[in-house]
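Printed here is run34.cif (mmCIF, N, CA and C atoms):
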data_upload
loop_
_atom_site.label_atom_id
_atom_site.label_comp_id
_atom_site.auth_asym_id
_atom_site.auth_seq_id
_atom_site.Cartn_x
_atom_site.Cartn_y
_atom_site.Cartn_z
N MET I 3 0.86 -1.19 0.00
CA MET I 3 0.00 0.00 0.00
C MET I 3 0.90 1.24 0.00
N ASN I 4 0.64 2.13 -0.94
CA ASN I 4 1.50 3.31 -0.97
C ASN I 4 1.14 4.30 0.15
N ILE I 5 2.04 5.20 0.41
CA ILE I 5 1.91 6.08 1.58
C ILE I 5 0.70 7.01 1.47
N PHE I 6 0.37 7.45 0.25
CA PHE I 6 -0.75 8.38 0.10
C PHE I 6 -2.08 7.70 0.38
N LYS I 7 -2.18 6.46 -0.04
CA LYS I 7 -3.40 5.70 0.22
C LYS I 7 -3.55 5.50 1.73
N LYS I 8 -2.45 5.16 2.38
CA LYS I 8 -2.47 4.94 3.82
C LYS I 8 -2.86 6.22 4.56
N LEU I 9 -2.28 7.33 4.14
CA LEU I 9 -2.60 8.62 4.77
C LEU I 9 -4.08 8.98 4.57
N LYS I 10 -4.58 8.69 3.40
CA LYS I 10 -5.98 8.99 3.10
C LYS I 10 -6.91 8.19 4.02
N ILE I 11 -6.59 6.91 4.23
CA ILE I 11 -7.38 6.06 5.11
C ILE I 11 -7.30 6.57 6.55
N GLU I 12 -6.09 6.93 6.98
CA GLU I 12 -5.94 7.45 8.35
C GLU I 12 -6.70 8.76 8.52
N GLN I 13 -6.69 9.58 7.51
CA GLN I 13 -7.43 10.86 7.56
C GLN I 13 -8.93 10.59 7.68
N LYS I 14 -9.41 9.60 6.94
CA LYS I 14 -10.83 9.24 6.98
C LYS I 14 -11.23 8.77 8.38
N ILE I 15 -10.39 7.91 8.97
CA ILE I 15 -10.66 7.42 10.33
C ILE I 15 -10.65 8.58 11.32
N PHE I 16 -9.67 9.46 11.19
CA PHE I 16 -9.59 10.63 12.07
C PHE I 16 -10.83 11.50 11.95
N ASN I 17 -11.28 11.72 10.71
CA ASN I 17 -12.46 12.55 10.49
C ASN I 17 -13.70 11.94 11.12
N GLN I 18 -13.84 10.62 11.00
CA GLN I 18 -14.99 9.95 11.61
C GLN I 18 -14.97 10.12 13.13
N PHE I 19 -13.79 9.96 13.71
CA PHE I 19 -13.64 10.11 15.15
C PHE I 19 -13.92 11.55 15.57
N ASP I 20 -13.42 12.49 14.79
CA ASP I 20 -13.64 13.91 15.05
C ASP I 20 -15.13 14.24 15.03
N ASN I 21 -15.83 13.73 14.03
CA ASN I 21 -17.28 13.95 13.93
C ASN I 21 -18.01 13.34 15.11
N HIS I 22 -17.56 12.16 15.53
CA HIS I 22 -18.16 11.49 16.68
C HIS I 22 -18.01 12.37 17.93
N LEU I 23 -16.82 12.92 18.13
CA LEU I 23 -16.58 13.79 19.29
C LEU I 23 -17.44 15.05 19.22
N LYS I 24 -17.56 15.62 18.02
CA LYS I 24 -18.40 16.83 17.86
C LYS I 24 -19.85 16.52 18.21
N ASP I 25 -20.34 15.36 17.79
CA ASP I 25 -21.71 14.95 18.13
C ASP I 25 -21.87 14.85 19.65
N LYS I 26 -20.89 14.23 20.31
CA LYS I 26 -20.93 14.10 21.77
C LYS I 26 -20.98 15.47 22.44
N LEU I 27 -20.14 16.39 21.94
CA LEU I 27 -20.11 17.74 22.52
C LEU I 27 -21.44 18.45 22.33
N LEU I 28 -22.01 18.32 21.14
CA LEU I 28 -23.30 18.96 20.88
C LEU I 28 -24.37 18.42 21.82
N LYS I 29 -24.37 17.09 22.00
CA LYS I 29 -25.36 16.47 22.89
C LYS I 29 -25.17 16.94 24.32
N SER I 30 -23.90 17.01 24.76
CA SER I 30 -23.66 17.43 26.15
C SER I 30 -24.04 18.90 26.33
N ASP I 31 -23.79 19.75 25.32
CA ASP I 31 -24.21 21.15 25.40
C ASP I 31 -25.72 21.25 25.48
N HIS I 32 -26.41 20.45 24.67
CA HIS I 32 -27.86 20.43 24.66
C HIS I 32 -28.39 20.00 26.03
N ASN I 33 -27.80 18.93 26.59
CA ASN I 33 -28.21 18.46 27.91
C ASN I 33 -27.94 19.51 28.98
N ARG I 34 -26.78 20.16 28.88
CA ARG I 34 -26.42 21.20 29.86
C ARG I 34 -27.44 22.32 29.83
N SER I 35 -27.81 22.77 28.63
CA SER I 35 -28.78 23.87 28.54
C SER I 35 -30.14 23.44 29.05
N ASN I 36 -30.51 22.16 28.82
CA ASN I 36 -31.77 21.66 29.37
C ASN I 36 -31.75 21.69 30.89
N ILE I 37 -30.62 21.27 31.47
CA ILE I 37 -30.49 21.26 32.93
C ILE I 37 -30.57 22.68 33.48
N VAL I 38 -29.88 23.61 32.82
CA VAL I 38 -29.91 25.01 33.26
C VAL I 38 -31.33 25.55 33.20
N ASN I 39 -32.04 25.25 32.11
CA ASN I 39 -33.42 25.74 31.98
C ASN I 39 -34.32 25.14 33.05
N LYS I 40 -34.15 23.84 33.34
CA LYS I 40 -34.95 23.21 34.40
C LYS I 40 -34.66 23.86 35.74
N ASN I 41 -33.37 24.13 36.02
CA ASN I 41 -33.01 24.76 37.28
C ASN I 41 -33.61 26.16 37.39
N LYS I 42 -33.63 26.90 36.29
CA LYS I 42 -34.24 28.23 36.30
C LYS I 42 -35.74 28.13 36.60
N LYS I 43 -36.37 27.13 35.97
CA LYS I 43 -37.80 26.94 36.18
C LYS I 43 -38.08 26.58 37.63
N ILE I 44 -37.28 25.66 38.19
CA ILE I 44 -37.46 25.24 39.57
C ILE I 44 -37.24 26.42 40.52
N SER I 45 -36.17 27.19 40.31
CA SER I 45 -35.90 28.32 41.21
C SER I 45 -36.99 29.37 41.08
N GLY I 46 -37.54 29.54 39.87
CA GLY I 46 -38.66 30.47 39.69
C GLY I 46 -39.88 30.01 40.46
N ASN I 47 -40.17 28.71 40.42
CA ASN I 47 -41.32 28.17 41.15
C ASN I 47 -41.13 28.33 42.65
N VAL I 48 -39.91 28.07 43.14
CA VAL I 48 -39.62 28.21 44.57
C VAL I 48 -39.81 29.67 44.98
N GLN I 49 -39.33 30.58 44.14
CA GLN I 49 -39.47 32.02 44.43
C GLN I 49 -40.95 32.40 44.52
N LYS I 50 -41.76 31.90 43.58
CA LYS I 50 -43.20 32.21 43.59
C LYS I 50 -43.85 31.68 44.86
N ARG I 51 -43.52 30.44 45.24
CA ARG I 51 -44.08 29.86 46.46
C ARG I 51 -43.69 30.68 47.69
N PHE I 52 -42.44 31.06 47.73
CA PHE I 52 -41.93 31.83 48.87
C PHE I 52 -42.69 33.15 48.97
N GLU I 53 -42.89 33.82 47.82
CA GLU I 53 -43.61 35.10 47.82
C GLU I 53 -45.07 34.91 48.23
N SER I 54 -45.69 33.82 47.78
CA SER I 54 -47.09 33.59 48.14
C SER I 54 -47.23 33.30 49.63
N ILE I 55 -46.24 32.61 50.21
CA ILE I 55 -46.27 32.36 51.65
C ILE I 55 -46.07 33.67 52.41
N GLN I 56 -45.18 34.52 51.93
CA GLN I 56 -44.91 35.80 52.59
C GLN I 56 -46.15 36.70 52.56
N ASN I 57 -46.90 36.62 51.47
CA ASN I 57 -48.06 37.50 51.31
C ASN I 57 -49.25 37.08 52.16
N LYS I 58 -49.22 35.86 52.68
CA LYS I 58 -50.35 35.37 53.49
C LYS I 58 -50.34 35.98 54.86
#

Any chance you could put this one into structure tokens?
Amino acid sequence: MNIFKKLKIEQKIFNQFDNHLKDKLLKSDHNRSNIVNKNKKISGNVQKRFESIQNK
């Protein structure tokens, strides 16, 4: 196998791995933003409850 063919195959494998990592990062970013949004929602609900208790 000549060197250029070998390099091309290695580049292809590297690209597949790189794409796989990018997918993982995108998913983790998506999950992180979901968690942040849930936490905001929860803290907002707690704040509303606290205010309603204070107003009683």

Around region 18-31 of chain I, fit a box with edges along x, y and z, padding it by 4 Å on each side, then list its centre and edge lengths in Å to one decimal as JSON.
{"center_x": -19.6, "center_y": 15.6, "center_z": 18.7, "size_x": 20.3, "size_y": 19.3, "size_z": 23.3}

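Here CA of Leu27 (chain I) is placed at a distance of 29.0 Å from atom N of Asn47 (chain I).
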
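Interatomic distance, CA of Lys14 (chain I) to atom N of Asn33 (chain I): 27.7 Å.
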
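Computed from the coordinates, the CA of Lys26 (chain I) to CA of Ile11 (chain I) distance equals 22.9 Å.
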